[in-house]
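Colleague: Sending over query-v1.tsv (TSV, C-alpha atoms).
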chain	number	residue	atom	x	y	z
A	1	MET	CA	-13.14	-8.89	9.75
A	2	LYS	CA	-14.57	-7.68	6.47
A	3	VAL	CA	-12.93	-4.27	6.01
A	4	LEU	CA	-13.86	-1.66	3.43
A	5	VAL	CA	-10.92	0.60	2.51
A	6	THR	CA	-11.71	3.79	0.59
A	7	GLY	CA	-8.79	5.22	-1.35
A	8	SER	CA	-7.45	1.67	-1.62
A	9	ALA	CA	-5.27	2.41	-4.67
A	10	GLY	CA	-3.48	5.38	-3.07
A	11	ARG	CA	0.05	5.57	-1.67
A	12	PHE	CA	-1.09	4.70	1.84
A	13	GLY	CA	-4.11	2.67	0.77
A	14	ARG	CA	-2.05	0.06	-1.08
A	15	SER	CA	-0.03	-0.72	2.03
A	16	VAL	CA	-3.10	-0.80	4.26
A	17	VAL	CA	-4.84	-3.23	1.91
A	18	SER	CA	-1.78	-5.49	1.73
A	19	ALA	CA	-1.28	-5.50	5.49
A	20	LEU	CA	-4.90	-6.22	6.33
A	21	ALA	CA	-5.23	-8.95	3.71
A	22	SER	CA	-1.99	-10.63	4.80
A	23	ARG	CA	-3.38	-10.88	8.33
A	24	GLY	CA	-6.55	-12.63	7.28
A	25	HIS	CA	-9.02	-9.78	6.89
A	26	GLU	CA	-11.39	-9.77	3.92
A	27	VAL	CA	-10.60	-6.44	2.27
A	28	ILE	CA	-12.93	-4.57	-0.08
A	29	GLY	CA	-11.15	-1.86	-2.06
A	30	VAL	CA	-13.00	1.31	-3.08
A	31	ASP	CA	-11.32	3.87	-5.30
A	32	LEU	CA	-12.22	5.97	-8.33
A	33	THR	CA	-9.36	4.25	-10.16
A	34	PRO	CA	-8.88	1.00	-8.23
A	35	GLY	CA	-6.48	-0.68	-10.66
A	36	SER	CA	-5.93	-4.42	-10.24
A	37	ARG	CA	-7.70	-6.31	-7.50
A	38	GLY	CA	-4.42	-7.34	-5.89
A	39	PRO	CA	-5.01	-8.85	-2.43
A	40	CYS	CA	-8.55	-7.40	-2.20
A	41	ALA	CA	-11.46	-9.82	-2.12
A	42	ALA	CA	-13.26	-7.29	-4.33
A	43	VAL	CA	-12.74	-3.79	-5.69
A	44	LEU	CA	-15.28	-1.21	-6.74
A	45	PRO	CA	-14.73	2.10	-8.55
A	46	ALA	CA	-16.99	4.42	-6.58
A	47	ASP	CA	-17.13	8.11	-5.72
A	48	VAL	CA	-17.89	8.43	-2.00
A	49	THR	CA	-18.35	12.19	-2.34
A	50	ASP	CA	-21.70	11.18	-3.84
A	51	THR	CA	-24.07	10.32	-1.00
A	52	GLY	CA	-25.91	7.64	-2.96
A	53	GLU	CA	-22.70	5.91	-4.00
A	54	ALA	CA	-21.31	5.98	-0.47
A	55	PHE	CA	-24.47	4.39	0.90
A	56	GLU	CA	-24.59	1.81	-1.90
A	57	VAL	CA	-21.00	0.71	-1.31
A	58	VAL	CA	-21.59	0.19	2.41
A	59	ALA	CA	-24.96	-1.48	1.84
A	60	ARG	CA	-23.57	-3.81	-0.81
A	61	TYR	CA	-20.67	-5.15	1.26
A	62	ARG	CA	-21.88	-4.67	4.84
A	63	PRO	CA	-18.36	-4.36	6.28
A	64	GLU	CA	-17.49	-4.79	9.92
A	65	ALA	CA	-15.02	-1.92	9.65
A	66	ILE	CA	-14.29	1.00	7.33
A	67	VAL	CA	-10.89	2.63	6.84
A	68	HIS	CA	-11.58	5.93	5.10
A	69	LEU	CA	-8.48	7.14	3.24
A	70	ALA	CA	-10.05	8.55	0.06
A	71	ALA	CA	-9.27	12.24	-0.38
A	72	ILE	CA	-7.35	14.81	-2.37
A	73	ALA	CA	-4.12	13.97	-0.62
A	74	THR	CA	-1.98	17.10	-0.75
A	75	PRO	CA	-2.45	20.87	-0.39
A	76	PHE	CA	-2.55	23.05	-3.49
A	77	GLY	CA	-2.66	20.16	-5.99
A	78	ARG	CA	-6.22	21.10	-6.98
A	79	THR	CA	-8.33	24.21	-6.52
A	80	ASP	CA	-9.14	25.12	-2.94
A	81	ALA	CA	-12.88	24.80	-3.48
A	82	LEU	CA	-12.57	21.32	-4.95
A	83	THR	CA	-10.16	20.15	-2.26
A	84	TYR	CA	-12.45	21.29	0.53
A	85	ARG	CA	-15.61	19.93	-1.08
A	86	VAL	CA	-14.15	16.50	-1.90
A	87	ASN	CA	-12.49	15.90	1.44
A	88	THR	CA	-15.34	17.10	3.63
A	89	SER	CA	-18.18	15.50	1.68
A	90	ALA	CA	-16.36	12.16	1.45
A	91	ALA	CA	-15.78	12.07	5.21
A	92	PHE	CA	-19.37	13.08	5.98
A	93	ASN	CA	-20.89	10.55	3.58
A	94	VAL	CA	-18.76	7.65	4.80
A	95	CYS	CA	-19.44	8.42	8.47
A	96	GLN	CA	-23.16	8.87	7.87
A	97	ALA	CA	-23.45	5.67	5.85
A	98	ALA	CA	-21.54	3.75	8.52
A	99	VAL	CA	-23.84	4.91	11.31
A	100	ARG	CA	-27.08	4.53	9.37
A	101	LEU	CA	-26.14	1.03	8.12
A	102	GLY	CA	-24.68	-0.26	11.36
A	103	VAL	CA	-20.95	-0.50	10.69
A	104	PRO	CA	-19.37	-0.97	14.14
A	105	ARG	CA	-15.86	0.45	13.47
A	106	VAL	CA	-14.67	3.44	11.42
A	107	ILE	CA	-11.20	4.98	11.04
A	108	VAL	CA	-10.90	8.34	9.26
A	109	ALA	CA	-7.63	9.70	7.86
A	110	SER	CA	-6.77	13.26	8.83
A	111	SER	CA	-3.43	15.07	8.53
A	112	PRO	CA	-0.74	16.70	10.71
A	113	THR	CA	-1.29	19.88	8.66
A	114	VAL	CA	-4.28	20.74	10.87
A	115	ILE	CA	-1.69	22.11	13.33
A	116	GLY	CA	-1.08	25.02	10.94
A	117	TYR	CA	2.66	25.03	10.34
A	118	GLY	CA	3.81	26.87	7.22
A	119	ALA	CA	1.29	29.68	7.55
A	120	PRO	CA	2.34	32.68	5.41
A	121	GLY	CA	2.30	34.99	8.42
A	122	GLY	CA	4.61	32.72	10.38
A	123	TRP	CA	3.99	29.94	12.87
A	124	SER	CA	4.98	29.52	16.49
A	125	PRO	CA	4.06	26.26	18.19
A	126	ALA	CA	2.92	26.33	21.80
A	127	TYR	CA	5.41	23.53	22.45
A	128	LEU	CA	7.40	20.77	20.76
A	129	PRO	CA	7.12	17.92	20.11
A	130	LEU	CA	3.55	18.36	18.87
A	131	ASP	CA	0.85	16.11	20.24
A	132	GLU	CA	-2.90	15.76	19.83
A	133	ALA	CA	-3.62	18.35	22.52
A	134	HIS	CA	-1.87	21.12	20.59
A	135	PRO	CA	-4.32	23.70	19.20
A	136	ALA	CA	-5.28	23.21	15.55
A	137	ARG	CA	-4.75	26.27	13.35
A	138	PRO	CA	-5.52	25.32	9.74
A	139	TRP	CA	-4.73	28.04	7.22
A	140	ASN	CA	-5.43	26.46	3.81
A	141	ALA	CA	-8.28	24.52	2.23
A	142	TYR	CA	-6.56	21.16	2.63
A	143	SER	CA	-5.75	21.47	6.33
A	144	LEU	CA	-9.18	23.00	6.99
A	145	SER	CA	-10.85	20.08	5.21
A	146	LYS	CA	-8.92	17.59	7.33
A	147	LEU	CA	-9.88	19.30	10.57
A	148	ALA	CA	-13.48	19.30	9.34
A	149	ALA	CA	-13.17	15.54	8.72
A	150	GLU	CA	-11.98	15.06	12.30
A	151	GLN	CA	-14.86	17.10	13.65
A	152	THR	CA	-17.30	15.20	11.44
A	153	MET	CA	-15.96	11.95	12.86
A	154	ALA	CA	-16.28	13.28	16.42
A	155	SER	CA	-19.84	14.45	15.79
A	156	PHE	CA	-20.95	11.07	14.48
A	157	ALA	CA	-19.17	9.37	17.40
A	158	LEU	CA	-21.31	11.42	19.80
A	159	ALA	CA	-24.46	10.66	17.83
A	160	ALA	CA	-23.78	6.94	17.51
A	161	GLY	CA	-22.78	6.23	21.09
A	162	ASP	CA	-21.27	2.76	21.34
A	163	ALA	CA	-23.07	1.46	18.25
A	164	THR	CA	-20.29	2.73	15.96
A	165	ARG	CA	-16.78	3.28	17.28
A	166	PHE	CA	-14.73	5.98	15.56
A	167	ALA	CA	-11.15	7.24	15.52
A	168	ALA	CA	-9.05	9.51	13.33
A	169	ILE	CA	-5.37	9.23	12.46
A	170	ARG	CA	-2.97	11.97	11.41
A	171	PRO	CA	-0.32	10.07	9.44
A	172	CYS	CA	2.88	11.99	8.78
A	173	PHE	CA	4.44	12.25	5.29
A	174	VAL	CA	3.79	8.72	4.03
A	175	ILE	CA	6.71	6.84	2.47
A	176	ALA	CA	5.68	3.89	0.27
A	177	PRO	CA	8.05	0.90	0.23
A	178	GLU	CA	9.27	1.57	-3.32
A	179	GLU	CA	10.28	5.10	-2.37
A	180	TRP	CA	13.06	3.79	-0.14
A	181	ALA	CA	14.61	2.39	-3.30
A	182	GLY	CA	14.53	5.69	-5.19
A	183	ALA	CA	10.99	6.11	-6.54
A	184	PRO	CA	9.76	9.72	-6.28
A	185	THR	CA	7.79	10.71	-3.20
A	186	GLN	CA	4.47	12.55	-3.39
A	187	THR	CA	6.34	15.85	-3.83
A	188	GLY	CA	8.28	14.49	-6.82
A	189	HIS	CA	11.61	14.36	-4.98
A	190	THR	CA	13.45	11.23	-3.93
A	191	LEU	CA	14.17	10.60	-0.27
A	192	THR	CA	17.87	11.10	-0.83
A	193	GLU	CA	17.13	14.52	-2.32
A	194	ARG	CA	14.97	15.39	0.68
A	195	LEU	CA	17.79	14.41	3.03
A	196	ASP	CA	20.45	16.22	1.02
A	197	ASP	CA	18.40	19.43	0.82
A	198	PRO	CA	16.72	20.13	4.19
A	199	GLY	CA	14.59	22.82	2.59
A	200	LEU	CA	12.56	20.11	0.84
A	201	SER	CA	11.43	18.52	4.11
A	202	ALA	CA	11.26	21.71	6.15
A	203	ALA	CA	7.74	22.54	4.94
A	204	SER	CA	6.42	19.41	6.69
A	205	LEU	CA	8.63	19.86	9.79
A	206	PHE	CA	10.71	16.87	8.64
A	207	ASN	CA	7.95	14.41	9.55
A	208	TYR	CA	7.49	11.05	7.84
A	209	LEU	CA	5.96	7.60	8.29
A	210	ASP	CA	6.72	4.32	6.58
A	211	ALA	CA	3.44	3.16	5.01
A	212	ARG	CA	3.88	-0.29	6.55
A	213	ASP	CA	4.18	1.19	10.03
A	214	GLY	CA	1.07	3.23	9.30
A	215	SER	CA	-0.73	0.08	8.20
A	216	ASP	CA	0.24	-1.64	11.44
A	217	LEU	CA	-1.31	1.27	13.33
A	218	VAL	CA	-4.52	1.02	11.32
A	219	GLU	CA	-4.94	-2.65	12.14
A	220	ARG	CA	-4.08	-2.19	15.80
A	221	LEU	CA	-6.49	0.73	16.08
A	222	MET	CA	-9.22	-1.19	14.29
A	223	GLU	CA	-8.90	-4.02	16.80
A	224	ALA	CA	-8.77	-1.65	19.78
A	225	LEU	CA	-11.73	0.60	18.90
A	226	PRO	CA	-14.23	-1.14	21.22
A	227	SER	CA	-11.91	-0.72	24.22
A	228	ILE	CA	-10.72	2.91	23.89
A	229	PRO	CA	-12.72	6.15	24.20
A	230	ASN	CA	-14.86	6.85	21.15
A	231	GLY	CA	-13.69	9.56	18.75
A	232	GLU	CA	-9.98	9.63	19.62
A	233	VAL	CA	-7.39	11.25	17.32
A	234	PHE	CA	-3.85	9.91	16.89
A	235	PHE	CA	-0.65	11.27	15.40
A	236	ALA	CA	1.37	8.62	13.59
A	237	GLY	CA	4.98	9.31	12.71
A	238	ALA	CA	8.42	7.76	12.65
A	239	ALA	CA	10.44	7.84	15.84
A	240	ASP	CA	12.98	10.21	14.30
A	241	ALA	CA	13.05	13.11	11.84
A	242	LEU	CA	13.72	12.94	8.11
A	243	ALA	CA	16.90	14.93	8.53
A	244	ARG	CA	20.61	14.44	9.06
A	245	GLU	CA	20.85	17.34	11.52
A	246	PRO	CA	19.01	17.73	14.85
A	247	LEU	CA	15.69	19.55	14.59
A	248	ALA	CA	16.76	21.84	17.42
A	249	GLU	CA	19.08	23.37	14.83
A	250	LEU	CA	17.06	22.90	11.63
A	251	LEU	CA	13.60	24.11	12.64
A	252	PRO	CA	14.62	27.65	13.66
A	253	ARG	CA	16.48	27.99	10.36
A	254	PHE	CA	13.32	27.42	8.31
A	255	HIS	CA	10.62	28.38	10.84
A	256	PRO	CA	11.94	31.30	12.92
A	257	GLY	CA	8.96	31.16	15.27
A	258	THR	CA	10.03	27.74	16.53
A	259	THR	CA	13.33	28.78	18.13
A	260	GLU	CA	12.22	28.62	21.75
A	261	ALA	CA	10.11	25.46	21.45
A	262	ALA	CA	12.68	23.62	19.29
A	263	ALA	CA	15.22	23.82	22.09
A	264	ALA	CA	13.23	21.09	23.86
A	265	LEU	CA	13.98	18.60	21.05
A	266	THR	CA	17.05	16.47	21.64
A	267	GLY	CA	19.13	14.33	19.29
A	268	THR	CA	17.10	12.78	16.47
A	269	GLU	CA	13.73	13.47	18.15
A	270	PRO	CA	10.95	14.33	15.66
A	271	ALA	CA	8.62	17.32	15.78
A	272	PHE	CA	5.57	15.08	16.24
A	273	SER	CA	4.88	12.77	19.16
A	274	SER	CA	3.20	9.39	18.71
A	275	ALA	CA	3.19	8.77	22.46
A	276	LYS	CA	-0.61	8.61	22.61
A	277	ALA	CA	-0.71	5.76	20.09
A	278	GLU	CA	1.96	3.96	22.09
A	279	ARG	CA	0.10	4.52	25.35
A	280	LEU	CA	-3.41	3.54	24.19
A	281	LEU	CA	-2.59	1.07	21.41
A	282	GLY	CA	0.90	-0.21	22.14
A	283	TRP	CA	2.00	1.05	18.70
A	284	ARG	CA	5.35	2.56	17.85
A	285	ALA	CA	6.88	2.99	14.40
A	286	THR	CA	9.74	0.53	13.89
A	287	ARG	CA	11.10	1.71	10.52
A	288	SER	CA	13.44	4.63	9.99
A	289	TRP	CA	15.18	6.19	7.00
A	290	ARG	CA	18.38	5.02	8.65
A	291	THR	CA	17.33	1.37	8.31
A	292	GLU	CA	15.17	1.44	5.17
A	293	LEU	CA	16.83	3.81	2.70
A	294	VAL	CA	18.50	1.98	-0.18
A	295	THR	CA	21.72	3.72	-1.18
A	296	GLU	CA	23.67	3.18	-4.35
A	297	PRO	CA	26.77	1.03	-3.81
A	298	VAL	CA	30.04	2.88	-4.11
A	299	THR	CA	31.89	1.88	-7.27
A	300	GLU	CA	35.64	1.71	-6.86
A	301	PRO	CA	37.60	3.45	-9.64
A	302	ALA	CA	39.17	1.14	-12.18
A	303	ASP	CA	42.85	0.30	-11.66
A	304	ARG	CA	44.47	2.30	-14.41
A	305	THR	CA	47.76	0.39	-14.05
A	306	ALA	CA	46.20	-2.94	-14.87
Just give me the structure as structure tokens.
Modeller:
Amino acid sequence: MKVLVTGSAGRFGRSVVSALASRGHEVIGVDLTPGSRGPCAAVLPADVTDTGEAFEVVARYRPEAIVHLAAIATPFGRTDALTYRVNTSAAFNVCQAAVRLGVPRVIVASSPTVIGYGAPGGWSPAYLPLDEAHPARPWNAYSLSKLAAEQTMASFALAAGDATRFAAIRPCFVIAPEEWAGAPTQTGHTLTERLDDPGLSAASLFNYLDARDGSDLVERLMEALPSIPNGEVFFAGAADALAREPLAELLPRFHPGTTEAAAALTGTEPAFSSAKAERLLGWRATRSWRTELVTEPVTEPADRTA
């Protein structure tokens, strides 16, 4: 298929582009700062928060599928007003352009933050692990914008009927391949630092997702869209937690309101369930920090008697 990927130069976007291109798809990259063309058939610096630009991009390339990843990617990195405006307008424009111009498949990136963990007044989940049926309780501009993007997607899915098939994904804390080897993550810390200091990962409930596993999900979902209910939402996370201790012990330490629900988590079980993606798409993350993390080799001390 010809696939248009917005946010193609981002942490997740780069892996999605590489995965789709390697499997024979013709990928069109769209990003404000697209960088080199890489495996893309074409790249275009465009601002999809502008309605005219969003429509022009879709009209120019006439893709068979759109993977919409472009957004301000983290909470509190920009002003609240800008974060909300950029993320909501980009999602609306891309969905509208897709429906009006006849794109048959659209995937929109959301976020696990819509669940509302980390709220200043405390947070108590209804149950753990979290799944797509758990109530959304966004408390900041970023999480609110992502829930709005999901609802925008769902609204256009209702309006389009079967003409355009939609889905949204909630990828956990995305780990790019180079970050396993020590490059800083999106928070500025290395993965080893996040494992050594549980407080660094506690804010995100110790969730994570290898970008390549996320890319596999995107392709599988793109292929499956005609055969699953329109407008579905999927969590996507690793099969374990980014922690050396069980979450049944860690979560209550950093989120006191989770004590009762966390007791249901056993062993290395994560706080987020990807069971729906496994059930409807046959997808399950295969990479873990236990298999992917590159550690420095231990250097034996020099023999001082030599």
Colleague: Suppose you want the space between CA of Tyr84 in chain A and CA of Ser15 in chain A; what is it in Å?
Modeller: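 Taking CA of Tyr84 in chain A as the start and CA of Ser15 in chain A as the end point, the length is 25.3 Å.
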Colleague: So how far away is CA of Val233 in chain A from CA of Arg62 in chain A, in Å?
Modeller: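 Result for CA of Arg62 in chain A versus CA of Val233 in chain A: 24.9 Å, one decimal.
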Colleague: Quick one: residues within 12 Å of Arg253 in chain A, only C-alpha atoms, excluding same-chain residues fewer than 4 positions away - as a VMD selection string?
Modeller: chain A and resid 198 to 199 202 to 203 205 245 to 249 257 to 259 262
Colleague: So, counting all atoms listed in the file, which residue among A:Pro39, A:Gly102, A:Pro138, A:Pro226 is closest to Ala59 in chain A?
Modeller: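 Among A:Pro39, A:Gly102, A:Pro138, A:Pro226, it is A:Gly102 that comes nearest to Ala59 in chain A.
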Colleague: Expressed in Å to a single decimal, how great is the separation between CA of Lys146 in chain A and CA of Asn87 in chain A?
Modeller: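 Separation of CA of Lys146 in chain A and CA of Asn87 in chain A: 7.1 Å.
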Colleague: Which is closest to Leu128 in chain A among A:Ala97, A:Ala159, A:Leu265, A:Leu20, if we use all atoms listed in the file?
Modeller: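 Using all atoms listed in the file, the shortest distance to Leu128 in chain A belongs to A:Leu265.
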Colleague: Find the spatial neighbours of Thr88 in chain A, counting all atoms listed in the file, within a cut-off of 8 Å - ignore same-chain residues fewer than 5 positions away - and output them as a list in words.
Modeller: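 Final neighbour list, sorted by chain and number: Ser145, Lys146, Ala148 and Ala149 of chain A.
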Colleague: Taking all atoms listed in the file into account, which of A:Ala41, A:Cys172, A:Val48, A:Ala54 comes nearest Ala71 in chain A?
Modeller: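 Going through A:Ala41, A:Cys172, A:Val48, A:Ala54 one by one, the smallest distance to Ala71 in chain A is for A:Val48.
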Colleague: Considering only C-alpha atoms, state which residue in the set A:Phe76, A:Trp283, A:Phe234, A:Tyr208 is at the smallest distance from Phe166 in chain A.
Modeller: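 With only C-alpha atoms as the atom set, the closest residue is A:Phe234.
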Colleague: I need the residue nearest Ser204 in chain A from this list: A:Pro63, A:Gly118, A:Pro184, A:Pro270. Use all atoms listed in the file for the distance.
Modeller: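 Smallest separation from Ser204 in chain A among the options: A:Gly118.
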Colleague: Measuring atom to atom with only C-alpha atoms, identify which of A:His134, A:Lys276, A:Arg85, A:Arg165 is nearest to Val106 in chain A.
Modeller: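 Smallest distance to Val106 in chain A is found for A:Arg165.
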Colleague: Quick one: residues within 7 Å of Pro34 in chain A, only C-alpha atoms counted, chain neighbours fewer than 3 positions away excluded, as a list in words?
Modeller: Ser8, Ala9, Val30, Asp31, Val43, Leu44 and Pro45 of chain A
Colleague: Could those selected residues go to a file with C-alpha atoms, as a CSV table (one decimal), in the frame of the given file?
Modeller:
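Result file is out.csv:
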chain,number,residue,atom,x,y,z
A,8,SER,CA,-7.4,1.7,-1.6
A,9,ALA,CA,-5.3,2.4,-4.7
A,30,VAL,CA,-13.0,1.3,-3.1
A,31,ASP,CA,-11.3,3.9,-5.3
A,43,VAL,CA,-12.7,-3.8,-5.7
A,44,LEU,CA,-15.3,-1.2,-6.7
A,45,PRO,CA,-14.7,2.1,-8.6
Colleague: Need to verify the contact set: Pro104 in chain A, 7 Å, only C-alpha atoms, exclusion of same-chain residues closer than 6 positions in sequence. Can you return it as a list of chain:residue names?
Modeller: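 In the requested format, the answer is A:Glu64, A:Ala65, A:Ala163, A:Thr164, A:Arg165.
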Colleague: Any idea what's packed within 9 Å of range 284-287 of chain A, counting all atoms listed in the file, ignoring anything in its chain fewer than 4 positions away? Could you give it as JSON, numbers by chain?
Modeller: {"A": [209, 210, 212, 213, 214, 216, 217, 236, 237, 238, 239, 274, 275, 277, 278, 291, 292]}
Colleague: Write out the residues from the selection above, keeping C-alpha atoms, as a PDB file, keeping the file's coordinate frame.
Modeller:
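out37.pdb was written with the following content:
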ATOM      1  CA  LEU A 209       5.960   7.600   8.290  1.00  0.00           C
ATOM      2  CA  ASP A 210       6.720   4.320   6.580  1.00  0.00           C
ATOM      3  CA  ARG A 212       3.880  -0.290   6.550  1.00  0.00           C
ATOM      4  CA  ASP A 213       4.180   1.190  10.030  1.00  0.00           C
ATOM      5  CA  GLY A 214       1.070   3.230   9.300  1.00  0.00           C
ATOM      6  CA  ASP A 216       0.240  -1.640  11.440  1.00  0.00           C
ATOM      7  CA  LEU A 217      -1.310   1.270  13.330  1.00  0.00           C
ATOM      8  CA  ALA A 236       1.370   8.620  13.590  1.00  0.00           C
ATOM      9  CA  GLY A 237       4.980   9.310  12.710  1.00  0.00           C
ATOM     10  CA  ALA A 238       8.420   7.760  12.650  1.00  0.00           C
ATOM     11  CA  ALA A 239      10.440   7.840  15.840  1.00  0.00           C
ATOM     12  CA  SER A 274       3.200   9.390  18.710  1.00  0.00           C
ATOM     13  CA  ALA A 275       3.190   8.770  22.460  1.00  0.00           C
ATOM     14  CA  ALA A 277      -0.710   5.760  20.090  1.00  0.00           C
ATOM     15  CA  GLU A 278       1.960   3.960  22.090  1.00  0.00           C
ATOM     16  CA  THR A 291      17.330   1.370   8.310  1.00  0.00           C
ATOM     17  CA  GLU A 292      15.170   1.440   5.170  1.00  0.00           C
TER      18      GLU A 292
END
